[in-house]
>>> print(open('target28.csv').read())   # CSV, C-alpha atoms
chain,number,residue,atom,x,y,z
A,1,MET,CA,-0.4,24.2,19.4
A,2,ALA,CA,-2.6,26.4,21.5
A,3,GLY,CA,-0.9,29.4,23.2
A,4,VAL,CA,-1.4,32.5,25.2
A,5,SER,CA,0.7,35.7,25.7
A,6,THR,CA,1.6,37.0,29.1
A,7,ASP,CA,1.7,40.7,30.0
A,8,SER,CA,5.4,40.8,29.5
A,9,GLY,CA,4.9,39.6,25.9
A,10,GLU,CA,6.1,36.0,26.5
A,11,SER,CA,4.2,33.4,24.6
A,12,LEU,CA,3.2,30.3,26.5
A,13,SER,CA,2.0,27.3,24.6
A,14,LEU,CA,0.1,24.3,25.7
A,15,ASN,CA,1.1,21.0,24.1
A,16,LEU,CA,-2.2,19.3,23.2
A,17,MET,CA,-0.6,16.3,21.5
A,18,PRO,CA,-0.6,14.0,24.5
A,19,MET,CA,-4.3,14.8,25.1
A,20,LEU,CA,-5.0,13.9,21.5
A,21,ASP,CA,-3.2,10.7,21.9
A,22,ILE,CA,-5.2,9.8,25.0
A,23,PHE,CA,-8.5,10.7,23.2
A,24,SER,CA,-7.5,8.5,20.2
A,25,ILE,CA,-6.7,5.5,22.4
A,26,LEU,CA,-10.0,6.0,24.4
A,27,ILE,CA,-12.0,6.2,21.2
A,28,THR,CA,-10.4,3.1,19.8
A,29,PHE,CA,-11.2,1.2,23.0
A,30,LEU,CA,-14.8,2.4,23.1
A,31,LEU,CA,-15.4,1.6,19.5
A,32,MET,CA,-14.0,-1.9,20.1
A,33,SER,CA,-16.3,-2.5,23.0
A,34,TYR,CA,-19.3,-0.9,21.3
A,35,SER,CA,-22.2,-3.4,21.4
A,36,THR,CA,-24.5,-4.0,18.5
A,37,ASP,CA,-26.8,-6.3,20.5
A,38,PRO,CA,-30.4,-5.8,19.6
A,39,VAL,CA,-31.3,-4.8,23.1
A,40,SER,CA,-29.1,-2.6,25.3
A,41,TYR,CA,-29.9,-3.1,28.9
A,42,ASP,CA,-28.3,-2.0,32.2
A,43,VAL,CA,-28.4,-4.7,34.8
A,44,ASN,CA,-30.2,-3.8,38.0
A,45,ASN,CA,-27.9,-2.6,40.8
A,46,GLY,CA,-29.0,-5.4,43.1
A,47,VAL,CA,-28.3,-8.2,40.7
A,48,GLU,CA,-25.1,-10.1,39.9
A,49,LEU,CA,-25.6,-12.3,36.9
A,50,PRO,CA,-23.9,-15.7,36.6
A,51,GLU,CA,-21.5,-16.2,33.7
A,52,SER,CA,-22.3,-18.3,30.7
A,53,MET,CA,-20.8,-19.3,27.3
A,54,THR,CA,-24.1,-18.8,25.6
A,55,VAL,CA,-24.2,-17.0,22.3
A,56,SER,CA,-27.9,-16.2,22.5
A,57,THR,CA,-28.3,-12.5,23.1
A,58,LEU,CA,-31.0,-10.7,25.0
A,59,ASP,CA,-33.8,-9.8,22.7
A,60,GLU,CA,-36.3,-8.2,25.1
A,61,MET,CA,-36.3,-6.4,28.4
A,62,PRO,CA,-36.7,-8.6,31.4
A,63,THR,CA,-40.2,-8.8,32.9
A,64,ILE,CA,-39.2,-10.3,36.2
A,65,LYS,CA,-36.2,-9.1,38.2
A,66,VAL,CA,-35.2,-10.9,41.3
A,67,THR,CA,-32.7,-8.8,43.2
A,68,LYS,CA,-31.1,-9.7,46.5
A,69,THR,CA,-34.1,-8.3,48.4
A,70,ASP,CA,-37.1,-7.9,46.0
A,71,VAL,CA,-39.1,-9.5,43.3
A,72,ILE,CA,-40.0,-6.9,40.7
A,73,ILE,CA,-42.3,-7.3,37.7
A,74,ASN,CA,-42.2,-4.6,35.1
A,75,ASP,CA,-40.7,-2.1,37.6
A,76,LYS,CA,-43.3,-2.8,40.2
A,77,LYS,CA,-42.2,-4.5,43.4
A,78,VAL,CA,-44.4,-7.4,44.1
A,79,ALA,CA,-42.7,-9.3,47.0
A,80,SER,CA,-39.8,-9.0,49.4
A,81,ILE,CA,-37.0,-11.6,49.8
A,82,VAL,CA,-36.0,-12.4,53.4
A,83,ALA,CA,-33.2,-14.9,54.0
A,84,GLY,CA,-33.2,-16.1,50.4
A,85,ASP,CA,-36.9,-16.8,50.2
A,86,VAL,CA,-40.1,-14.8,49.7
A,87,GLU,CA,-41.9,-13.7,52.9
A,88,GLU,CA,-44.3,-16.3,54.2
A,89,ALA,CA,-47.4,-14.1,53.5
A,90,ALA,CA,-46.6,-14.1,49.8
A,91,ARG,CA,-46.4,-17.9,49.4
A,92,SER,CA,-49.3,-20.0,48.2
A,93,GLN,CA,-49.1,-23.7,47.2
A,94,GLY,CA,-45.4,-23.5,46.7
A,95,ALA,CA,-45.6,-20.5,44.4
A,96,VAL,CA,-45.4,-16.7,44.9
A,97,PHE,CA,-49.0,-15.5,44.8
A,98,PRO,CA,-48.4,-11.8,44.0
A,99,VAL,CA,-46.1,-12.9,41.1
A,100,PHE,CA,-49.0,-15.1,39.8
A,101,GLN,CA,-51.5,-12.2,40.1
A,102,GLU,CA,-49.2,-9.7,38.3
A,103,LEU,CA,-48.3,-12.1,35.5
A,104,GLN,CA,-51.9,-13.0,35.0
A,105,LYS,CA,-52.8,-9.3,34.6
A,106,LEU,CA,-49.9,-9.0,32.2
A,107,ALA,CA,-51.0,-12.0,30.1
A,108,GLU,CA,-54.5,-10.7,29.8
A,109,ALA,CA,-53.4,-7.3,28.8
A,110,THR,CA,-51.1,-8.7,26.1
A,111,LYS,CA,-53.8,-11.0,24.8
A,112,LYS,CA,-56.1,-7.9,24.5
A,113,VAL,CA,-53.5,-6.0,22.6
A,114,ILE,CA,-52.8,-8.9,20.2
A,115,GLY,CA,-56.5,-9.7,20.0
A,116,GLY,CA,-58.3,-12.1,17.6
A,117,ARG,CA,-56.8,-15.4,16.6
A,118,LEU,CA,-53.3,-16.1,17.8
A,119,SER,CA,-50.7,-17.5,15.5
A,120,GLU,CA,-48.2,-20.2,16.8
A,121,ALA,CA,-45.5,-17.5,17.0
A,122,ASP,CA,-47.8,-15.3,19.1
A,123,LYS,CA,-48.6,-18.2,21.4
A,124,ALA,CA,-44.9,-18.9,21.9
A,125,ARG,CA,-44.2,-15.2,22.6
A,126,LEU,CA,-47.1,-15.0,25.0
A,127,SER,CA,-45.8,-18.0,27.0
A,128,THR,CA,-42.2,-16.6,27.3
A,129,LEU,CA,-40.8,-14.6,30.1
A,130,THR,CA,-37.4,-13.0,30.5
A,131,MET,CA,-36.0,-13.2,34.0
A,132,GLU,CA,-33.1,-11.4,35.6
A,133,MET,CA,-32.0,-13.2,38.8
A,134,ASP,CA,-29.1,-12.7,41.2
A,135,GLN,CA,-26.6,-15.5,41.0
A,136,GLY,CA,-26.7,-16.1,44.8
A,137,HIS,CA,-30.3,-17.2,45.0
A,138,ASN,CA,-31.1,-20.8,45.2
A,139,PHE,CA,-33.4,-23.0,43.1
A,140,LYS,CA,-36.1,-23.0,45.8
A,141,LEU,CA,-36.8,-19.3,45.0
A,142,MET,CA,-36.5,-19.8,41.3
A,143,LYS,CA,-38.9,-22.7,41.5
A,144,ARG,CA,-41.5,-20.7,43.4
A,145,ILE,CA,-41.4,-17.9,40.7
A,146,MET,CA,-41.5,-20.4,37.9
A,147,LEU,CA,-44.4,-22.2,39.4
A,148,ALA,CA,-46.3,-18.9,39.8
A,149,ALA,CA,-45.5,-18.1,36.2
A,150,GLN,CA,-46.6,-21.5,35.0
A,151,GLN,CA,-50.0,-21.0,36.7
A,152,ALA,CA,-50.3,-17.8,34.7
A,153,GLU,CA,-49.5,-19.8,31.5
A,154,TYR,CA,-45.8,-18.8,31.1
A,155,ILE,CA,-43.8,-21.9,30.4
A,156,THR,CA,-40.7,-20.7,28.6
A,157,PHE,CA,-38.0,-18.8,30.5
A,158,LYS,CA,-35.2,-16.8,29.1
A,159,LEU,CA,-32.8,-16.6,32.0
A,160,MET,CA,-30.4,-13.7,31.9
A,161,VAL,CA,-26.6,-14.4,32.2
A,162,ALA,CA,-23.4,-12.5,31.7
A,163,ARG,CA,-21.7,-13.7,28.5
A,164,GLN,CA,-18.1,-14.8,29.0
A,165,GLY,CA,-15.4,-13.5,26.7
A,166,ASP,CA,-17.2,-10.3,25.6
B,1,MET,CA,26.0,46.3,-17.1
B,2,SER,CA,26.0,43.1,-15.4
B,3,ARG,CA,22.8,41.5,-15.0
B,4,LYS,CA,22.1,40.8,-11.5
B,5,LYS,CA,20.3,37.6,-10.8
B,6,LYS,CA,17.3,38.2,-8.7
B,7,VAL,CA,17.4,35.7,-5.9
B,8,ARG,CA,14.1,35.2,-4.2
B,9,LYS,CA,14.5,34.7,-0.5
B,10,VAL,CA,12.1,32.1,0.7
B,11,LYS,CA,10.6,33.2,3.9
B,12,TYR,CA,9.7,30.5,6.3
B,13,ARG,CA,6.7,31.3,8.4
B,14,ASP,CA,5.5,29.4,11.4
B,15,ILE,CA,2.3,27.7,10.2
B,16,GLU,CA,0.4,26.0,12.9
B,17,LEU,CA,-2.4,23.6,12.4
B,18,ASN,CA,-5.5,24.5,14.3
B,19,ILE,CA,-6.3,21.3,16.1
B,20,MET,CA,-9.0,22.8,18.3
B,21,PRO,CA,-12.0,21.6,16.1
B,22,PHE,CA,-10.4,18.2,16.0
B,23,ILE,CA,-10.3,18.1,19.8
B,24,ASP,CA,-13.9,19.3,19.9
B,25,VAL,CA,-15.0,16.4,17.6
B,26,PHE,CA,-13.1,13.9,19.7
B,27,SER,CA,-14.6,15.2,22.9
B,28,LEU,CA,-18.1,14.9,21.6
B,29,LEU,CA,-17.4,11.4,20.1
B,30,ASN,CA,-15.9,10.3,23.5
B,31,THR,CA,-19.0,11.5,25.4
B,32,PHE,CA,-21.4,9.8,23.0
B,33,LEU,CA,-19.4,6.5,23.1
B,34,LEU,CA,-19.1,6.6,26.9
B,35,MET,CA,-22.8,7.1,27.3
B,36,SER,CA,-23.7,4.3,24.9
B,37,ALA,CA,-21.0,1.8,25.9
B,38,VAL,CA,-22.1,-1.6,27.2
B,39,PHE,CA,-19.5,-3.0,29.4
B,40,LEU,CA,-21.4,-6.2,30.2
B,41,SER,CA,-22.7,-8.3,27.4
B,42,ILE,CA,-25.9,-10.0,28.4
B,43,GLY,CA,-27.0,-13.4,27.1
B,44,ILE,CA,-29.9,-15.7,27.8
B,45,LEU,CA,-30.3,-19.4,28.6
B,46,GLU,CA,-33.7,-20.6,27.5
B,47,VAL,CA,-35.4,-23.3,29.5
B,48,GLN,CA,-38.9,-24.7,29.6
B,49,ILE,CA,-41.0,-25.9,32.5
B,50,PRO,CA,-43.5,-28.7,32.3
B,51,PHE,CA,-47.2,-27.8,32.2
B,52,LEU,CA,-50.5,-29.5,32.8
B,53,THR,CA,-53.0,-29.7,30.1
B,54,SER,CA,-56.6,-31.1,29.9
B,55,ALA,CA,-56.2,-31.9,26.2
B,56,PRO,CA,-56.4,-35.6,25.3
B,57,PRO,CA,-53.1,-37.2,24.7
B,58,GLU,CA,-52.0,-37.6,21.1
B,59,LYS,CA,-52.6,-41.2,19.8
B,60,LYS,CA,-49.2,-41.5,18.2
B,61,GLU,CA,-47.1,-44.6,18.5
B,62,GLU,CA,-43.9,-43.6,20.3
B,63,SER,CA,-40.8,-44.9,18.6
B,64,ARG,CA,-37.8,-46.1,20.7
B,65,SER,CA,-35.9,-43.1,21.8
B,66,LEU,CA,-33.2,-42.0,24.3
B,67,GLU,CA,-34.3,-40.1,27.4
B,68,ILE,CA,-31.7,-38.1,29.2
B,69,LYS,CA,-32.1,-36.9,32.8
B,70,VAL,CA,-29.7,-34.6,34.6
B,71,ASP,CA,-30.1,-34.7,38.3
B,72,MET,CA,-28.2,-31.9,40.1
B,73,GLU,CA,-27.4,-31.7,43.8
B,74,LYS,CA,-25.2,-29.2,45.6
B,75,ALA,CA,-22.0,-31.1,45.0
B,76,LYS,CA,-22.7,-33.7,42.4
B,77,ILE,CA,-24.5,-34.3,39.1
B,78,GLU,CA,-26.0,-37.6,38.0
B,79,VAL,CA,-26.7,-38.1,34.3
B,80,THR,CA,-29.0,-41.0,33.4
B,81,ALA,CA,-29.6,-42.0,29.8
B,82,ALA,CA,-32.0,-44.8,29.0
B,83,TYR,CA,-34.3,-45.8,26.1
B,84,ASN,CA,-38.0,-45.6,26.6
B,85,LYS,CA,-38.5,-49.1,25.2
B,86,PRO,CA,-36.6,-52.3,25.7
B,87,PRO,CA,-33.7,-52.9,25.5
B,88,ILE,CA,-33.4,-49.9,27.9
B,89,ASN,CA,-29.5,-49.9,27.9
B,90,GLU,CA,-29.3,-47.5,30.8
B,91,GLN,CA,-26.1,-45.5,31.3
B,92,LYS,CA,-25.4,-43.6,34.5
B,93,ARG,CA,-22.5,-41.2,35.1
B,94,GLU,CA,-21.7,-39.0,38.1
B,95,PHE,CA,-19.9,-35.7,37.9
B,96,LYS,CA,-18.7,-33.1,40.5
B,97,VAL,CA,-20.1,-29.6,40.4
B,98,ASP,CA,-16.9,-27.8,39.5
B,99,LYS,CA,-15.5,-26.2,36.4
B,100,ALA,CA,-13.0,-29.0,35.8
B,101,ASP,CA,-15.7,-31.7,35.6
B,102,MET,CA,-18.1,-29.6,33.5
B,103,ALA,CA,-15.9,-30.5,30.4
B,104,ASN,CA,-16.4,-34.2,31.2
B,105,LEU,CA,-20.1,-33.7,31.6
B,106,HIS,CA,-20.3,-31.9,28.2
B,107,LYS,CA,-18.1,-34.6,26.6
B,108,PHE,CA,-20.4,-37.3,27.8
B,109,LEU,CA,-23.5,-35.5,26.6
B,110,LEU,CA,-21.9,-34.8,23.3
B,111,GLU,CA,-21.2,-38.5,22.8
B,112,LEU,CA,-24.9,-39.3,23.7
B,113,ARG,CA,-26.1,-36.7,21.1
B,114,ARG,CA,-23.7,-38.1,18.5
B,115,SER,CA,-25.0,-41.6,18.9
B,116,ASN,CA,-28.6,-40.3,19.1
B,117,PRO,CA,-29.0,-37.2,16.9
B,118,GLU,CA,-32.8,-37.3,17.2
B,119,THR,CA,-32.7,-36.7,21.0
B,120,ASP,CA,-32.7,-33.0,21.5
B,121,LYS,CA,-34.3,-32.8,24.9
B,122,VAL,CA,-32.8,-33.1,28.4
B,123,GLN,CA,-34.9,-33.2,31.6
B,124,PHE,CA,-33.1,-31.2,34.3
B,125,PHE,CA,-33.8,-31.9,38.0
B,126,THR,CA,-32.4,-29.7,40.7
B,127,GLU,CA,-32.4,-29.8,44.4
B,128,ASP,CA,-33.8,-26.7,46.2
B,129,ASP,CA,-30.5,-25.7,47.8
B,130,VAL,CA,-28.5,-25.4,44.6
B,131,VAL,CA,-27.6,-21.8,43.7
B,132,TRP,CA,-28.4,-20.2,40.4
B,133,LYS,CA,-24.7,-19.6,39.7
B,134,ASP,CA,-24.0,-23.4,39.7
B,135,ILE,CA,-27.2,-24.1,37.8
B,136,ALA,CA,-26.1,-21.7,35.0
B,137,MET,CA,-22.7,-23.4,34.9
B,138,VAL,CA,-24.3,-26.9,34.4
B,139,LEU,CA,-26.9,-25.5,31.9
B,140,ASP,CA,-23.9,-24.2,29.9
B,141,ALA,CA,-22.4,-27.7,29.8
B,142,VAL,CA,-25.7,-29.3,28.9
B,143,LYS,CA,-27.2,-26.9,26.5
B,144,VAL,CA,-24.6,-24.8,24.8
B,145,ARG,CA,-22.5,-26.1,21.9
B,146,ALA,CA,-18.8,-25.5,22.4
B,147,PRO,CA,-16.9,-23.9,19.5
B,148,ASN,CA,-15.1,-27.2,18.7
B,149,ASP,CA,-18.1,-29.4,18.9
B,150,PRO,CA,-19.5,-30.8,15.7
B,151,VAL,CA,-22.9,-29.6,14.5
B,152,ILE,CA,-25.3,-32.5,14.9
B,153,VAL,CA,-28.3,-32.2,12.7
B,154,PRO,CA,-30.9,-35.0,12.8
B,155,ALA,CA,-32.2,-36.4,9.5
B,156,GLY,CA,-35.1,-34.5,8.0
B,157,ALA,CA,-34.5,-31.5,10.3
B,158,SER,CA,-36.3,-28.2,9.6
B,159,GLU,CA,-34.5,-24.9,9.0
B,160,LEU,CA,-35.3,-23.9,12.6
B,161,ASP,CA,-33.8,-27.2,13.9
B,162,LYS,CA,-30.7,-26.7,11.8
B,163,ARG,CA,-30.3,-23.2,13.2
B,164,LEU,CA,-30.8,-24.5,16.8
B,165,ALA,CA,-28.3,-27.3,16.2
B,166,ALA,CA,-25.6,-24.8,15.2
B,167,GLU,CA,-26.1,-23.0,18.5
B,168,PHE,CA,-27.0,-25.7,21.0
B,169,LEU,CA,-26.1,-29.2,21.9
B,170,TYR,CA,-29.5,-29.9,23.4
B,171,PRO,CA,-31.9,-27.1,22.4
B,172,LYS,CA,-34.7,-28.2,24.8
B,173,VAL,CA,-34.0,-28.2,28.5
B,174,VAL,CA,-37.0,-28.9,30.7
B,175,MET,CA,-36.7,-27.8,34.4
B,176,ALA,CA,-38.6,-30.9,35.5
B,177,SER,CA,-38.3,-30.4,39.2
B,178,VAL,CA,-40.4,-27.2,39.1
B,179,MET,CA,-43.5,-29.4,39.3
B,180,LEU,CA,-42.1,-31.5,42.2
B,181,ARG,CA,-42.9,-30.4,45.7
>>> encode(input="target28.csv", output="structure tokens")
Amino acid sequence: MAGVSTDSGESLSLNLMPMLDIFSILITFLLMSYSTDPVSYDVNNGVELPESMTVSTLDEMPTIKVTKTDVIINDKKVASIVAGDVEEAARSQGAVFPVFQELQKLAEATKKVIGGRLSEADKARLSTLTMEMDQGHNFKLMKRIMLAAQQAEYITFKLMVARQGD
Amino acid sequence: MSRKKKVRKVKYRDIELNIMPFIDVFSLLNTFLLMSAVFLSIGILEVQIPFLTSAPPEKKEESRSLEIKVDMEKAKIEVTAAYNKPPINEQKREFKVDKADMANLHKFLLELRRSNPETDKVQFFTEDDVVWKDIAMVLDAVKVRAPNDPVIVPAGASELDKRLAAEFLYPKVVMASVMLR
């Protein structure tokens, strides 16, 4: 028990036991919710993820983030979203042109880094994108982004969801 | 002379346990755990989109197999299962886009997979006005294997296929309407 003495010689003590109890409970709770997922990622503030029963966990950081107002690729805003769709100027042949441009740059840079002959696993990795999208967006917007990605040779999408029951 | 027995008086002293270091450790542990805690577990739903290629088509004779199409609208889902060669034996079922009917959709797809273990692909068509939240709910029913579902492994499956079968009902979901304007 921690204590202090007053001028009159009285000894006052502070009961620390309740605080210890609280700490113990808090630590137990935090240890229970401790995640051992390979990638720890904080969801963007402007994104609400839909729920899913999937057991597949996130294995890489998202490349494309579609918040309520912006399309972001690797932390660079490439297009704005107005009334649930990208602005007219950014659209081209049903796709989002700035998304295509940015992903093409990204694909070329990745190919340069890997270099030489690509194995099947490398090819699969090069054609995969992780996407974080707000649950309120409709398929029209998703389709535009997927189409732009497809033109930049990305054909597999890992769509981020909030896992139920965790 | 009487011998006096020496009686030792036991003196009780107030012994206090110093719990301050204990509290210090707890505080540090708390801070560290709070900083690293993940309160939302993130998962992924993997889908493919069709792509155009200039490569010549493979000259391989296609065997008779089941093709499954899921057509999603804002309020309903239509599932069509038909063989690519006669007899086609087409089956069509309609479901509502709500949580209650998702179990029925999953059950129907599970029966299809049970009777055709070789079919591991679903073509997924979606209308433009369907929201991602609903798409994720339907993708769950189509793709993810529920805990009570049997693991369906086709004959001659590779190790990768076996691993996928343990996790998914239909591992390959193709968002076919991406190519449609």
>>> closest_residue(input="target28.csv", among="A:Tyr41, A:Ala79, A:Ile72, A:Glu51", to="Arg91 of chain A", atoms="only C-alpha atoms")
A:Ala79
>>> closest_residue(input="target28.csv", among="A:Ile81, A:Leu147, A:Val96, A:Ala152", to="chain B", atoms="all atoms listed in the file")
A:Leu147
>>> atom_distance(input="target28.csv", atom1="atom CA of Phe157 of chain A", atom2="atom CA of Ser115 of chain B")
28.7 Å
>>> interface_residues(input="target28.csv", of="chain A", to="chain B", cutoff="6 Å", atoms="all atoms listed in the file", output="list in words")
Tyr34, Pro50, Ser56, Thr57, Leu58, Gln135, Gly136, His137, Asn138, Phe139, Lys140, Lys143, Ile155, Thr156, Phe157, Lys158, Leu159, Met160, Val161, Ala162 and Arg163 of chain A
>>> residues_around(input="target28.csv", residues="Glu132 of chain A", least_positions_apart="3", cutoff="9 Å", atoms="all atoms listed in the file", output="VMD selection string")
chain A and resid 43 to 44 47 49 62 to 67 158 to 161
>>> atom_distance(input="target28.csv", atom1="atom CA of Phe95 of chain B", atom2="atom CA of Met72 of chain B")
9.4 Å
>>> residues_around(input="target28.csv", residues="Val173 of chain B", least_positions_apart="5", cutoff="6 Å", atoms="all atoms listed in the file", output="list in words")
Val47, Lys121, Val122 and Gln123 of chain B
>>> residues_around(input="target28.csv", residues="Asp101 of chain B", least_positions_apart="4", cutoff="10 Å", atoms="all atoms listed in the file", output="MDAnalysis selection string")
chainID B and resid 76:77 94:97 105:107 138 141
>>> atom_distance(input="target28.csv", atom1="atom CA of Met142 of chain A", atom2="atom CA of Lys69 of chain B")
19.6 Å
>>> residues_around(input="target28.csv", residues="Gln91 of chain B", least_positions_apart="2", cutoff="12 Å", atoms="all atoms listed in the file", output="compact mmCIF listing (two decimals) with C-alpha atoms, in the coordinates of the input")
# COMPACT_ATOMS: atom_id res chain seq x y z
CA LEU B 66 -33.20 -42.00 24.30
CA GLU B 67 -34.30 -40.10 27.40
CA ILE B 68 -31.70 -38.10 29.20
CA LYS B 69 -32.10 -36.90 32.80
CA VAL B 70 -29.70 -34.60 34.60
CA GLU B 78 -26.00 -37.60 38.00
CA VAL B 79 -26.70 -38.10 34.30
CA THR B 80 -29.00 -41.00 33.40
CA ALA B 81 -29.60 -42.00 29.80
CA ALA B 82 -32.00 -44.80 29.00
CA TYR B 83 -34.30 -45.80 26.10
CA ILE B 88 -33.40 -49.90 27.90
CA ASN B 89 -29.50 -49.90 27.90
CA ARG B 93 -22.50 -41.20 35.10
CA GLU B 94 -21.70 -39.00 38.10
CA PHE B 108 -20.40 -37.30 27.80
CA LEU B 109 -23.50 -35.50 26.60
CA LEU B 112 -24.90 -39.30 23.70
>>> residues_around(input="target28.csv", residues="Leu110 of chain B", least_positions_apart="6", cutoff="10 Å", atoms="all atoms listed in the file", output="ChimeraX atom specification")
/B:104,116-117,141-142,145-146,149-150,152,169-170
>>> build_atoms(input="target28.csv", residues="segment 116-123 of chain A", atoms="all heavy atoms", output="PDB file, keeping the file's coordinate frame")
ATOM      1  N   GLY A 116     -57.956 -11.173  18.643  1.00  0.00           N
ATOM      2  CA  GLY A 116     -58.300 -12.100  17.600  1.00  0.00           C
ATOM      3  C   GLY A 116     -57.599 -13.472  17.729  1.00  0.00           C
ATOM      4  O   GLY A 116     -57.290 -13.901  18.835  1.00  0.00           O
ATOM      5  N   ARG A 117     -57.400 -14.121  16.607  1.00  0.00           N
ATOM      6  CA  ARG A 117     -56.800 -15.400  16.600  1.00  0.00           C
ATOM      7  C   ARG A 117     -55.263 -15.300  16.778  1.00  0.00           C
ATOM      8  O   ARG A 117     -54.640 -14.457  16.145  1.00  0.00           O
ATOM      9  CB  ARG A 117     -57.068 -16.179  15.324  1.00  0.00           C
ATOM     10  CG  ARG A 117     -58.456 -16.775  15.306  1.00  0.00           C
ATOM     11  CD  ARG A 117     -58.625 -17.564  14.033  1.00  0.00           C
ATOM     12  NE  ARG A 117     -60.035 -17.840  13.815  1.00  0.00           N
ATOM     13  CZ  ARG A 117     -60.535 -18.220  12.670  1.00  0.00           C
ATOM     14  NH1 ARG A 117     -59.755 -18.338  11.614  1.00  0.00           N
ATOM     15  NH2 ARG A 117     -61.811 -18.480  12.543  1.00  0.00           N
ATOM     16  N   LEU A 118     -54.719 -16.188  17.585  1.00  0.00           N
ATOM     17  CA  LEU A 118     -53.300 -16.100  17.800  1.00  0.00           C
ATOM     18  C   LEU A 118     -52.540 -17.110  16.937  1.00  0.00           C
ATOM     19  O   LEU A 118     -52.952 -18.262  16.828  1.00  0.00           O
ATOM     20  CB  LEU A 118     -52.976 -16.428  19.294  1.00  0.00           C
ATOM     21  CG  LEU A 118     -53.622 -15.541  20.355  1.00  0.00           C
ATOM     22  CD1 LEU A 118     -53.276 -16.046  21.744  1.00  0.00           C
ATOM     23  CD2 LEU A 118     -53.150 -14.104  20.212  1.00  0.00           C
ATOM     24  N   SER A 119     -51.477 -16.627  16.325  1.00  0.00           N
ATOM     25  CA  SER A 119     -50.700 -17.500  15.500  1.00  0.00           C
ATOM     26  C   SER A 119     -49.762 -18.336  16.481  1.00  0.00           C
ATOM     27  O   SER A 119     -49.667 -18.009  17.668  1.00  0.00           O
ATOM     28  CB  SER A 119     -49.795 -16.741  14.553  1.00  0.00           C
ATOM     29  OG  SER A 119     -48.874 -15.966  15.287  1.00  0.00           O
ATOM     30  N   GLU A 120     -49.091 -19.361  15.950  1.00  0.00           N
ATOM     31  CA  GLU A 120     -48.200 -20.200  16.800  1.00  0.00           C
ATOM     32  C   GLU A 120     -47.073 -19.304  17.383  1.00  0.00           C
ATOM     33  O   GLU A 120     -46.693 -19.463  18.529  1.00  0.00           O
ATOM     34  CB  GLU A 120     -47.599 -21.322  15.974  1.00  0.00           C
ATOM     35  CG  GLU A 120     -48.573 -22.471  15.734  1.00  0.00           C
ATOM     36  CD  GLU A 120     -49.135 -23.079  17.008  1.00  0.00           C
ATOM     37  OE1 GLU A 120     -48.349 -23.406  17.905  1.00  0.00           O
ATOM     38  OE2 GLU A 120     -50.382 -23.208  17.116  1.00  0.00           O
ATOM     39  N   ALA A 121     -46.576 -18.368  16.564  1.00  0.00           N
ATOM     40  CA  ALA A 121     -45.500 -17.500  17.000  1.00  0.00           C
ATOM     41  C   ALA A 121     -45.994 -16.582  18.161  1.00  0.00           C
ATOM     42  O   ALA A 121     -45.285 -16.356  19.143  1.00  0.00           O
ATOM     43  CB  ALA A 121     -44.988 -16.629  15.875  1.00  0.00           C
ATOM     44  N   ASP A 122     -47.236 -16.091  18.031  1.00  0.00           N
ATOM     45  CA  ASP A 122     -47.800 -15.300  19.100  1.00  0.00           C
ATOM     46  C   ASP A 122     -47.963 -16.048  20.382  1.00  0.00           C
ATOM     47  O   ASP A 122     -47.665 -15.545  21.470  1.00  0.00           O
ATOM     48  CB  ASP A 122     -49.206 -14.751  18.662  1.00  0.00           C
ATOM     49  CG  ASP A 122     -49.117 -13.634  17.635  1.00  0.00           C
ATOM     50  OD1 ASP A 122     -48.086 -12.950  17.612  1.00  0.00           O
ATOM     51  OD2 ASP A 122     -50.084 -13.467  16.866  1.00  0.00           O
ATOM     52  N   LYS A 123     -48.432 -17.309  20.222  1.00  0.00           N
ATOM     53  CA  LYS A 123     -48.600 -18.200  21.400  1.00  0.00           C
ATOM     54  C   LYS A 123     -47.283 -18.390  22.115  1.00  0.00           C
ATOM     55  O   LYS A 123     -47.198 -18.342  23.335  1.00  0.00           O
ATOM     56  CB  LYS A 123     -49.233 -19.503  20.999  1.00  0.00           C
ATOM     57  CG  LYS A 123     -50.735 -19.444  20.806  1.00  0.00           C
ATOM     58  CD  LYS A 123     -51.252 -20.806  20.427  1.00  0.00           C
ATOM     59  CE  LYS A 123     -52.683 -20.699  19.918  1.00  0.00           C
ATOM     60  NZ  LYS A 123     -53.132 -21.933  19.268  1.00  0.00           N
TER      61      LYS A 123
END
